[in-house]
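Everything below belongs to data23.pdb, which stores PDB, C-alpha atoms and all ligand atoms.
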```pdb
ATOM      1  CA  MET O   1     -25.027   8.937  -1.539
ATOM      2  CA  LEU O   2     -25.752  12.611  -1.475
ATOM      3  CA  GLY O   3     -25.029  14.339   1.803
ATOM      4  CA  THR O   4     -23.040  11.477   3.321
ATOM      5  CA  LYS O   5     -19.340  10.805   3.623
ATOM      6  CA  LYS O   6     -17.484   7.513   3.850
ATOM      7  CA  LEU O   7     -15.138   7.387   6.784
ATOM      8  CA  ALA O   8     -12.954   4.989   8.725
ATOM      9  CA  HIS O   9     -14.021   4.452  12.313
ATOM     10  CA  VAL O  10     -11.673   2.927  14.887
ATOM     11  CA  GLY O  11     -13.229   0.756  17.587
ATOM     12  CA  ASP O  12     -12.373   0.877  21.283
ATOM     13  CA  GLU O  13     -10.243  -2.254  21.163
ATOM     14  CA  CYS O  14      -7.528  -0.699  18.975
ATOM     15  CA  VAL O  15      -4.107  -1.934  20.116
ATOM     16  CA  SER O  16      -2.213   1.064  18.634
ATOM     17  CA  CYS O  17       0.072  -1.152  16.552
ATOM     18  CA  GLY O  18       0.240   1.319  13.670
ATOM     19  CA  ALA O  19      -0.450  -1.140  10.835
ATOM     20  CA  CYS O  20      -3.231   1.164   9.576
ATOM     21  CA  VAL O  21      -0.959   4.224   9.561
ATOM     22  CA  LYS O  22       1.472   2.577   7.157
ATOM     23  CA  GLU O  23      -1.428   1.788   4.854
ATOM     24  CA  CYS O  24      -3.086   5.174   4.436
ATOM     25  CA  GLN O  25      -1.789   7.044   1.419
ATOM     26  CA  LEU O  26      -3.540  10.223   2.510
ATOM     27  CA  ASN O  27      -1.978  10.326   5.984
ATOM     28  CA  ALA O  28      -5.487  10.440   7.358
ATOM     29  CA  ILE O  29      -4.872   8.095  10.282
ATOM     30  CA  SER O  30      -2.308   8.426  13.058
ATOM     31  CA  ILE O  31      -1.626   7.014  16.497
ATOM     32  CA  TYR O  32      -2.810   9.382  19.207
ATOM     33  CA  LYS O  33      -0.300   9.455  22.076
ATOM     34  CA  GLY O  34       0.414   5.733  21.829
ATOM     35  CA  MET O  35      -3.134   4.925  22.898
ATOM     36  CA  TYR O  36      -5.224   4.394  19.761
ATOM     37  CA  ALA O  37      -5.524   5.202  16.079
ATOM     38  CA  ASP O  38      -7.235   8.478  15.273
ATOM     39  CA  VAL O  39      -8.856   9.305  11.937
ATOM     40  CA  ASP O  40      -8.651  12.815  10.495
ATOM     41  CA  LYS O  41     -12.204  13.250   9.222
ATOM     42  CA  ASN O  42     -11.174  15.956   6.800
ATOM     43  CA  LYS O  43      -8.583  13.805   5.077
ATOM     44  CA  CYS O  44     -10.156  10.338   5.159
ATOM     45  CA  VAL O  45     -12.024   9.246   2.038
ATOM     46  CA  GLY O  46     -13.174   5.905   3.428
ATOM     47  CA  CYS O  47     -11.184   3.807   0.953
ATOM     48  CA  GLY O  48     -10.932   0.962   3.489
ATOM     49  CA  LYS O  49      -7.246   0.123   3.071
ATOM     50  CA  CYS O  50      -6.559   0.644   6.765
ATOM     51  CA  ALA O  51      -9.483  -1.617   7.701
ATOM     52  CA  LYS O  52      -8.091  -4.462   5.608
ATOM     53  CA  ALA O  53      -4.676  -4.162   7.262
ATOM     54  CA  CYS O  54      -5.876  -3.857  10.866
ATOM     55  CA  PRO O  55      -4.804  -7.069  12.633
ATOM     56  CA  ALA O  56      -7.329  -6.518  15.396
ATOM     57  CA  GLY O  57     -10.197  -5.982  12.950
ATOM     58  CA  VAL O  58     -11.407  -2.885  14.750
ATOM     59  CA  ILE O  59     -11.741  -0.493  11.810
ATOM     60  CA  GLU O  60     -15.144  -0.117  10.192
ATOM     61  CA  ILE O  61     -15.935   1.977   7.151
ATOM     62  CA  ILE O  62     -18.991   3.947   7.999
ATOM     63  CA  SER O  63     -21.255   6.272   6.136
ATOM     64  CA  LYS O  64     -21.803   9.435   8.027
ATOM     65  CA  GLY O  65     -24.331  12.203   7.580
ATOM     66  CA  ALA O  66     -22.628  15.283   6.142
ATOM     67  CA  ALA O  67     -24.192  17.546   8.716
ATOM     68  CA  ALA O  68     -22.454  15.679  11.515
ATOM     69  CA  VAL O  69     -18.977  15.656   9.900
TER      70      VAL O  69
ATOM     71  CA  MET X  70       0.942  -1.793  -0.575
ATOM     72  CA  SER X  71       2.891   0.562   1.584
ATOM     73  CA  LYS X  72       2.477   4.241   0.943
ATOM     74  CA  LYS X  73       6.135   5.160   1.105
ATOM     75  CA  ILE X  74       8.143   4.704  -2.036
ATOM     76  CA  LYS X  75      11.233   6.084  -0.373
ATOM     77  CA  LYS X  76      12.262   3.768   2.443
ATOM     78  CA  ASN X  77      13.675   4.928   5.750
ATOM     79  CA  TRP X  78      16.558   3.244   7.526
ATOM     80  CA  TYR X  79      14.175   1.888  10.121
ATOM     81  CA  ASP X  80      12.170   0.054   7.476
ATOM     82  CA  TYR X  81      14.970  -2.490   7.433
ATOM     83  CA  MET X  82      14.810  -3.487  11.095
ATOM     84  CA  TRP X  83      13.420  -6.883  10.040
ATOM     85  CA  ILE X  84      17.001  -7.729   9.063
ATOM     86  CA  PHE X  85      17.958  -7.333  12.723
ATOM     87  CA  SER X  86      15.210  -9.758  13.755
ATOM     88  CA  VAL X  87      16.267 -12.408  11.244
ATOM     89  CA  THR X  88      19.978 -12.002  12.075
ATOM     90  CA  TYR X  89      19.196 -12.331  15.771
ATOM     91  CA  LEU X  90      17.436 -15.670  15.307
ATOM     92  CA  VAL X  91      20.207 -16.996  13.049
ATOM     93  CA  LEU X  92      23.014 -15.950  15.413
ATOM     94  CA  GLY X  93      21.443 -17.981  18.203
ATOM     95  CA  PHE X  94      22.159 -21.124  16.231
ATOM     96  CA  PHE X  95      25.872 -20.365  16.266
ATOM     97  CA  ASN X  96      26.516 -18.698  19.575
ATOM     98  CA  ILE X  97      23.827 -18.486  22.209
ATOM     99  CA  ILE X  98      25.455 -15.510  23.946
ATOM    100  CA  PHE X  99      24.140 -13.284  21.125
ATOM    101  CA  ALA X 100      20.708 -13.845  22.681
ATOM    102  CA  TRP X 101      21.574 -11.066  25.150
ATOM    103  CA  LEU X 102      21.109  -8.603  22.263
ATOM    104  CA  GLY X 103      17.400  -9.361  22.491
ATOM    105  CA  LEU X 104      17.268  -7.224  25.623
ATOM    106  CA  ILE X 105      17.225  -4.252  23.243
ATOM    107  CA  CYS X 106      13.750  -5.377  22.105
ATOM    108  CA  PHE X 107      12.631  -5.306  25.730
ATOM    109  CA  ILE X 108      14.244  -2.152  27.027
ATOM    110  CA  LEU X 109      13.855   0.126  23.991
ATOM    111  CA  PRO X 110      10.041  -0.064  23.597
ATOM    112  CA  LEU X 111       9.566   0.446  27.347
ATOM    113  CA  ALA X 112      12.014   3.364  27.428
ATOM    114  CA  ILE X 113      10.349   5.025  24.423
ATOM    115  CA  SER X 114       6.870   4.712  25.923
ATOM    116  CA  ILE X 115       7.973   5.914  29.377
ATOM    117  CA  ILE X 116      10.177   8.805  28.206
ATOM    118  CA  HIS X 117       8.610   9.821  24.905
ATOM    119  CA  GLY X 118       5.065   8.678  25.698
ATOM    120  CA  SER X 119       4.479   6.950  22.383
ATOM    121  CA  LYS X 120       4.414   3.601  20.650
ATOM    122  CA  ALA X 121       7.054   4.712  18.149
ATOM    123  CA  TYR X 122       8.804   1.385  18.641
ATOM    124  CA  CYS X 123       5.787  -0.588  17.386
ATOM    125  CA  ASN X 124       4.831   2.013  14.828
ATOM    126  CA  LYS X 125       8.284   2.405  13.285
ATOM    127  CA  TYR X 126      11.209   0.417  14.576
ATOM    128  CA  CYS X 127      10.081  -3.085  15.508
ATOM    129  CA  GLY X 128      11.727  -5.655  13.263
ATOM    130  CA  ARG X 129       9.367  -8.395  14.434
ATOM    131  CA  GLY X 130       6.294  -6.492  13.223
ATOM    132  CA  GLN X 131       8.001  -5.734   9.901
ATOM    133  CA  LEU X 132       9.055  -9.353   9.435
ATOM    134  CA  LEU X 133       5.529 -10.666  10.047
ATOM    135  CA  ASP X 134       4.109  -8.038   7.707
ATOM    136  CA  MET X 135       6.598  -9.010   5.017
ATOM    137  CA  LEU X 136       6.006 -12.759   5.360
ATOM    138  CA  GLY X 137       2.260 -12.263   5.325
ATOM    139  CA  ARG X 138       2.051  -9.889   2.427
ATOM    140  CA  LYS X 139       5.095 -10.043   0.176
ATOM    141  CA  PHE X 140       5.284 -13.806   0.503
ATOM    142  CA  SER X 141       1.487 -14.174   0.709
ATOM    143  CA  LEU X 142       1.706 -16.578   3.627
ATOM    144  CA  SER X 143      -1.254 -15.077   5.479
ATOM    145  CA  ARG X 144      -4.898 -16.091   5.088
ATOM    146  CA  ASN X 145      -5.731 -12.460   5.862
ATOM    147  CA  LYS X 146      -8.660 -13.304   8.099
ATOM    148  CA  VAL X 147      -9.757 -11.110  10.985
ATOM    149  CA  PRO X 148      -8.688 -12.870  14.212
ATOM    150  CA  PRO X 149     -11.402 -14.048  16.622
ATOM    151  CA  LYS X 150     -12.657 -11.276  18.899
ATOM    152  CA  PHE X 151     -11.195 -12.740  22.082
ATOM    153  CA  LEU X 152      -7.671 -12.074  20.795
ATOM    154  CA  ARG X 153      -8.159  -8.304  21.071
ATOM    155  CA  SER X 154     -10.075  -8.449  24.349
ATOM    156  CA  LYS X 155      -8.420  -6.909  27.383
ATOM    157  CA  TRP X 156      -8.625 -10.087  29.469
ATOM    158  CA  PHE X 157      -6.812 -12.114  26.852
ATOM    159  CA  ARG X 158      -4.155  -9.474  26.115
ATOM    160  CA  TYR X 159      -3.402  -8.743  29.751
ATOM    161  CA  GLY X 160      -3.809 -12.405  30.674
ATOM    162  CA  PHE X 161      -1.215 -13.371  28.097
ATOM    163  CA  LEU X 162       1.041 -10.555  29.308
ATOM    164  CA  THR X 163       0.768 -11.869  32.883
ATOM    165  CA  PHE X 164       1.528 -15.431  31.792
ATOM    166  CA  PHE X 165       4.447 -14.230  29.665
ATOM    167  CA  MET X 166       5.956 -12.194  32.485
ATOM    168  CA  THR X 167       5.504 -15.054  34.978
ATOM    169  CA  MET X 168       7.442 -17.362  32.668
ATOM    170  CA  PHE X 169      10.025 -14.624  32.238
ATOM    171  CA  LEU X 170      10.511 -14.335  36.007
ATOM    172  CA  LEU X 171      10.808 -18.113  36.227
ATOM    173  CA  MET X 172      13.539 -17.928  33.601
ATOM    174  CA  LEU X 173      15.346 -15.289  35.690
ATOM    175  CA  TYR X 174      15.036 -17.566  38.729
ATOM    176  CA  ASN X 175      16.616 -20.427  36.777
ATOM    177  CA  THR X 176      19.445 -18.083  35.829
ATOM    178  CA  TYR X 177      19.910 -17.301  39.510
ATOM    179  CA  LEU X 178      19.997 -21.017  40.381
ATOM    180  CA  VAL X 179      22.816 -21.541  37.901
ATOM    181  CA  PHE X 180      24.586 -18.468  39.304
ATOM    182  CA  ALA X 181      24.259 -20.090  42.750
ATOM    183  CA  GLY X 182      25.855 -23.319  41.594
ATOM    184  CA  ALA X 183      23.285 -25.407  39.692
ATOM    185  CA  SER X 184      24.459 -26.917  36.438
ATOM    186  CA  LEU X 185      23.903 -25.213  33.092
ATOM    187  CA  LYS X 186      21.079 -26.634  30.955
ATOM    188  CA  GLU X 187      21.933 -26.261  27.293
ATOM    189  CA  VAL X 188      18.383 -26.405  26.019
ATOM    190  CA  VAL X 189      16.059 -24.047  24.193
ATOM    191  CA  THR X 190      12.483 -24.412  25.424
ATOM    192  CA  LEU X 191       9.848 -23.887  22.775
ATOM    193  CA  LEU X 192       6.322 -22.803  23.721
ATOM    194  CA  TRP X 193       7.320 -23.226  27.391
ATOM    195  CA  VAL X 194       7.101 -27.012  27.061
ATOM    196  CA  PHE X 195       9.273 -28.545  24.372
ATOM    197  CA  LYS X 196      12.935 -28.781  25.261
ATOM    198  CA  LEU X 197      15.301 -28.799  22.305
ATOM    199  CA  PRO X 198      18.936 -29.806  22.869
ATOM    200  CA  TRP X 199      21.069 -26.829  21.851
ATOM    201  CA  HIS X 200      24.593 -27.823  22.932
ATOM    202  CA  TRP X 201      25.972 -27.239  19.459
ATOM    203  CA  ALA X 202      25.675 -23.470  19.886
ATOM    204  CA  GLY X 203      28.839 -21.956  21.389
ATOM    205  CA  THR X 204      28.858 -20.176  24.716
ATOM    206  CA  THR X 205      32.195 -18.313  24.318
ATOM    207  CA  ALA X 206      33.467 -19.570  27.671
ATOM    208  CA  ALA X 207      31.074 -17.161  29.349
ATOM    209  CA  PRO X 208      30.146 -17.751  33.018
ATOM    210  CA  SER X 209      27.447 -20.414  33.129
ATOM    211  CA  TRP X 210      24.723 -18.062  34.453
ATOM    212  CA  VAL X 211      25.397 -15.726  31.504
ATOM    213  CA  ALA X 212      24.890 -18.690  29.166
ATOM    214  CA  GLN X 213      21.794 -19.855  31.094
ATOM    215  CA  PHE X 214      20.148 -16.456  30.716
ATOM    216  CA  ALA X 215      20.997 -16.547  27.003
ATOM    217  CA  PHE X 216      19.331 -19.949  26.562
ATOM    218  CA  GLY X 217      16.286 -18.726  28.462
ATOM    219  CA  PHE X 218      16.035 -15.458  26.599
ATOM    220  CA  TYR X 219      16.507 -17.093  23.221
ATOM    221  CA  SER X 220      13.695 -19.496  24.148
ATOM    222  CA  VAL X 221      11.409 -16.520  24.803
ATOM    223  CA  MET X 222      12.346 -14.875  21.506
ATOM    224  CA  LEU X 223      11.996 -18.052  19.443
ATOM    225  CA  THR X 224       8.701 -18.963  21.111
ATOM    226  CA  SER X 225       7.191 -15.555  20.449
ATOM    227  CA  THR X 226       8.417 -15.661  16.842
ATOM    228  CA  ILE X 227       6.756 -19.029  16.344
ATOM    229  CA  LEU X 228       3.484 -17.816  17.881
ATOM    230  CA  GLY X 229       3.746 -14.721  15.684
ATOM    231  CA  ILE X 230       4.226 -16.825  12.564
ATOM    232  CA  ILE X 231       1.318 -19.149  13.436
ATOM    233  CA  THR X 232      -1.097 -16.253  13.937
ATOM    234  CA  MET X 233       0.355 -14.489  10.872
ATOM    235  CA  ILE X 234      -0.581 -17.540   8.769
ATOM    236  CA  LEU X 235      -3.993 -18.113  10.373
ATOM    237  CA  PHE X 236      -5.164 -14.527  10.563
ATOM    238  CA  ARG X 237      -3.751 -11.183   9.416
ATOM    239  CA  PRO X 238       0.013 -10.600   8.990
ATOM    240  CA  ARG X 239       0.483  -8.591  12.174
ATOM    241  CA  SER X 240      -1.971 -10.536  14.372
ATOM    242  CA  TRP X 241       0.834 -11.144  16.875
ATOM    243  CA  CYS X 242       0.849  -7.392  17.532
ATOM    244  CA  VAL X 243      -2.661  -7.694  18.958
ATOM    245  CA  TYR X 244      -1.473  -9.796  21.914
ATOM    246  CA  CYS X 245       2.294  -9.074  21.903
ATOM    247  CA  PRO X 246       3.308  -8.442  25.540
ATOM    248  CA  MET X 247       5.556  -5.535  24.557
ATOM    249  CA  GLY X 248       2.738  -3.932  22.578
ATOM    250  CA  SER X 249       0.292  -4.384  25.456
ATOM    251  CA  MET X 250       2.787  -2.990  27.969
ATOM    252  CA  THR X 251       3.709   0.074  25.907
ATOM    253  CA  GLN X 252       0.060   0.859  25.168
ATOM    254  CA  GLY X 253      -0.706   0.428  28.868
ATOM    255  CA  ILE X 254       2.112   2.800  29.829
ATOM    256  CA  CYS X 255       0.903   5.467  27.365
ATOM    257  CA  THR X 256      -2.675   5.087  28.614
ATOM    258  CA  ILE X 257      -1.559   5.603  32.223
ATOM    259  CA  LYS X 258       0.683   8.513  31.202
ATOM    260  CA  TYR X 259      -2.119  10.312  29.371
ATOM    261  CA  LYS X 260      -4.932   9.249  31.673
ATOM    262  CA  GLY X 261      -8.096  11.170  30.952
ATOM    263  CA  GLU X 262      -6.780  12.708  27.756
ATOM    264  CA  ASN X 263      -8.852  11.995  24.684
ATOM    265  CA  LYS X 264      -8.851  13.252  21.159
ATOM    266  CA  ASP X 265     -11.890  15.522  20.718
ATOM    267  CA  GLY X 266     -14.984  13.709  19.605
ATOM    268  CA  ARG X 267     -13.573  10.199  19.754
ATOM    269  CA  LYS X 268     -16.210   8.959  22.124
ATOM    270  CA  SER X 269     -19.050  10.591  20.226
ATOM    271  CA  GLU X 270     -17.849   9.272  16.879
ATOM    272  CA  ARG X 271     -20.671   6.787  16.544
ATOM    273  CA  ASP X 272     -23.437   9.183  17.476
ATOM    274  CA  SER X 273     -26.347  10.164  15.279
ATOM    275  CA  GLY X 274     -24.177  11.100  12.303
ATOM    276  CA  ILE X 275     -23.657   7.496  11.228
ATOM    277  CA  VAL X 276     -25.981   6.282   8.536
ATOM    278  CA  GLU X 277     -24.680   2.747   8.106
ATOM    279  CA  VAL X 278     -21.628   0.533   8.484
ATOM    280  CA  ILE X 279     -20.492  -0.234   4.957
ATOM    281  CA  SER X 280     -17.715  -2.734   5.492
ATOM    282  CA  LYS X 281     -15.212  -4.010   7.949
TER     283      LYS X 281
HETATM  284  S1  LIG B 301      -4.202  -1.297  12.687
HETATM  285 FE1  LIG B 301      -6.055  -1.505  13.951
HETATM  286  S2  LIG B 301      -5.294  -2.058  15.997
HETATM  287 FE2  LIG B 301      -3.537  -1.282  14.823
HETATM  288  S3  LIG B 301      -3.447   0.904  15.335
HETATM  289 FE3  LIG B 301      -4.674   0.721  13.480
HETATM  290  S4  LIG B 301      -6.784   0.582  14.218
HETATM  291 FE4  LIG B 301      -5.487   0.166  15.953
HETATM  292  S1  LIG B 302     -10.216   4.666   4.969
HETATM  293 FE1  LIG B 302      -8.556   5.085   3.503
HETATM  294  S2  LIG B 302      -8.292   7.311   3.615
HETATM  295 FE2  LIG B 302      -9.440   6.719   5.446
HETATM  296  S3  LIG B 302      -7.870   6.418   7.008
HETATM  297 FE3  LIG B 302      -8.273   4.419   6.065
HETATM  298  S4  LIG B 302      -6.727   4.225   4.452
HETATM  299 FE4  LIG B 302      -6.814   6.398   5.035
HETATM  300  S1  LIG B 303       3.254  -5.192  19.103
HETATM  301 FE1  LIG B 303       5.145  -6.345  19.511
HETATM  302  S2  LIG B 303       5.717  -7.291  17.571
HETATM  303 FE2  LIG B 303       4.160  -5.764  17.123
HETATM  304  S3  LIG B 303       5.315  -3.959  16.564
HETATM  305 FE3  LIG B 303       4.928  -3.795  18.779
HETATM  306  S4  LIG B 303       6.673  -4.749  19.824
HETATM  307 FE4  LIG B 303       6.725  -5.326  17.647
END
```

Could the structure of this file be written out as structure tokens, please?
Ligand code: SF4
Ligand code: SF4
Ligand code: SF4
Amino acid sequence: MLGTKKLAHVGDECVSCGACVKECQLNAISIYKGMYADVDKNKCVGCGKCAKACPAGVIEIISKGAAAV
Amino acid sequence: MSKKIKKNWYDYMWIFSVTYLVLGFFNIIFAWLGLICFILPLAISIIHGSKAYCNKYCGRGQLLDMLGRKFSLSRNKVPPKFLRSKWFRYGFLTFFMTMFLLMLYNTYLVFAGASLKEVVTLLWVFKLPWHWAGTTAAPSWVAQFAFGFYSVMLTSTILGIITMILFRPRSWCVYCPMGSMTQGICTIKYKGENKDGRKSERDSGIVEVISK
């Protein structure tokens, strides 16, 4: 898809357990101040590994318009 | 698959969790060691303002992850939505803490002269006779607390294993009282602080949700 980028998106009900962090080989996701998981848009390639590991099921892989990234 | 090939010392904390449960079969007084799993996460979140305990050091989380993945015991299904809802998480935390206070009250009763009950209570209902575990001639209230605390630890392990099998390996972490408390503490500590753009993440830039 030209002009779009695949990206992990963390929902509001993240429990900050850190299961996703252990999964990402690109270190693109981290826990922000113990509150929730935060995705580094520049590093994330939207591979979906974190989403599959998230026990709360709050990570979606989205396609985002390049202009907005 | 975990990203780190080189393991850190704290990746072996699951051994502590297993040892803890085994020791309780031999001498119930070891149950006091479980206080570490209560005090440490709270201290880290209050002092350091993070969930480093959950994210790195918790043996329980590691054990569930290992059982679910390495031993393929988990169905790997997303848990029902209510499990991650605030009312369920904080409701379970409230229930858990109420039962914990009740356990402390029972300890006090024994301290005040009531007789020691050598039972381990599973899931707050089922009483298992446990008189074969030693008590090292400790004062009876010390032993009573140990029985109570071991009951809490064994009960939460069993709940963790059930949800690990039914849903994803670390599903227990979604409603774990320690996880809810430490996240709550961090949220209060950093009230109002937000990573730039988090709230606007789903604005016009999104074209479609590909998978979940
Ligand atoms: S695995 Fe899911 S619930 Fe846990 S920190 Fe990551 S996004 Fe949040
Ligand atoms: S989608 Fe892949 S690259 Fe992006 S945060 Fe998740 S695991 Fe890392
Ligand atoms: S949520 Fe509970 S079980 Fe999971 S890592 Fe944190 S303290 Fe351990």

Suppose you want the space between CA of Met135 (chain X) and CA of Gly46 (chain O); what is it in Å?
24.8 Å

Should the cut-off be 8 Å, what would the residue list for chain O against chain X look like, counting only C-alpha atoms, as an MDAnalysis selection string?
chainID O and resid 4 9 13:19 22:25 32:35 38 48 51:69

Nearby residues (all atoms listed in the file) at most 12 Å from Lys196 (chain X), same-chain spacing under 2 positions excluded, as a PDB file with C-alpha atoms, in the coordinates of the input:
```
ATOM      1  CA  LYS X 186      21.079 -26.634  30.955  1.00  0.00           C
ATOM      2  CA  GLU X 187      21.933 -26.261  27.293  1.00  0.00           C
ATOM      3  CA  VAL X 188      18.383 -26.405  26.019  1.00  0.00           C
ATOM      4  CA  VAL X 189      16.059 -24.047  24.193  1.00  0.00           C
ATOM      5  CA  THR X 190      12.483 -24.412  25.424  1.00  0.00           C
ATOM      6  CA  LEU X 191       9.848 -23.887  22.775  1.00  0.00           C
ATOM      7  CA  LEU X 192       6.322 -22.803  23.721  1.00  0.00           C
ATOM      8  CA  TRP X 193       7.320 -23.226  27.391  1.00  0.00           C
ATOM      9  CA  VAL X 194       7.101 -27.012  27.061  1.00  0.00           C
ATOM     10  CA  PRO X 198      18.936 -29.806  22.869  1.00  0.00           C
ATOM     11  CA  TRP X 199      21.069 -26.829  21.851  1.00  0.00           C
ATOM     12  CA  HIS X 200      24.593 -27.823  22.932  1.00  0.00           C
ATOM     13  CA  PHE X 216      19.331 -19.949  26.562  1.00  0.00           C
ATOM     14  CA  GLY X 217      16.286 -18.726  28.462  1.00  0.00           C
ATOM     15  CA  SER X 220      13.695 -19.496  24.148  1.00  0.00           C
ATOM     16  CA  THR X 224       8.701 -18.963  21.111  1.00  0.00           C
TER      17      THR X 224
END
```

Pairwise distance, CA of Gly103 (chain X) with CA of Asn77 (chain X), equals 22.3 Å

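When all atoms listed in the file are used to compute distances to ligand LIG 301 (chain B), the closest of the residues O:Val21, O:Leu26, O:Val45, O:Leu7 turns out to be O:Val21.
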
Output as JSON the centre and edge lengths (Å, one decimal) of the box along x, y and z of the file that holds every listed atom of ligand LIG 302 (chain B) after adding 4 Å on each side.
```
{"center_x": -8.5, "center_y": 5.8, "center_z": 5.3, "size_x": 11.5, "size_y": 11.1, "size_z": 11.5}
```

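The gap separating CA of Phe107 (chain X) from atom FE1 of ligand LIG 303 (chain B) is 9.8 Å, in Å to one decimal.
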
Please write the residues picked by the PyMOL selection byres (((chain O and resi 44) around 8) and not hetatm) on this file as a ChimeraX atom specification.
/O:6-8,26,28-29,39-43,45-47
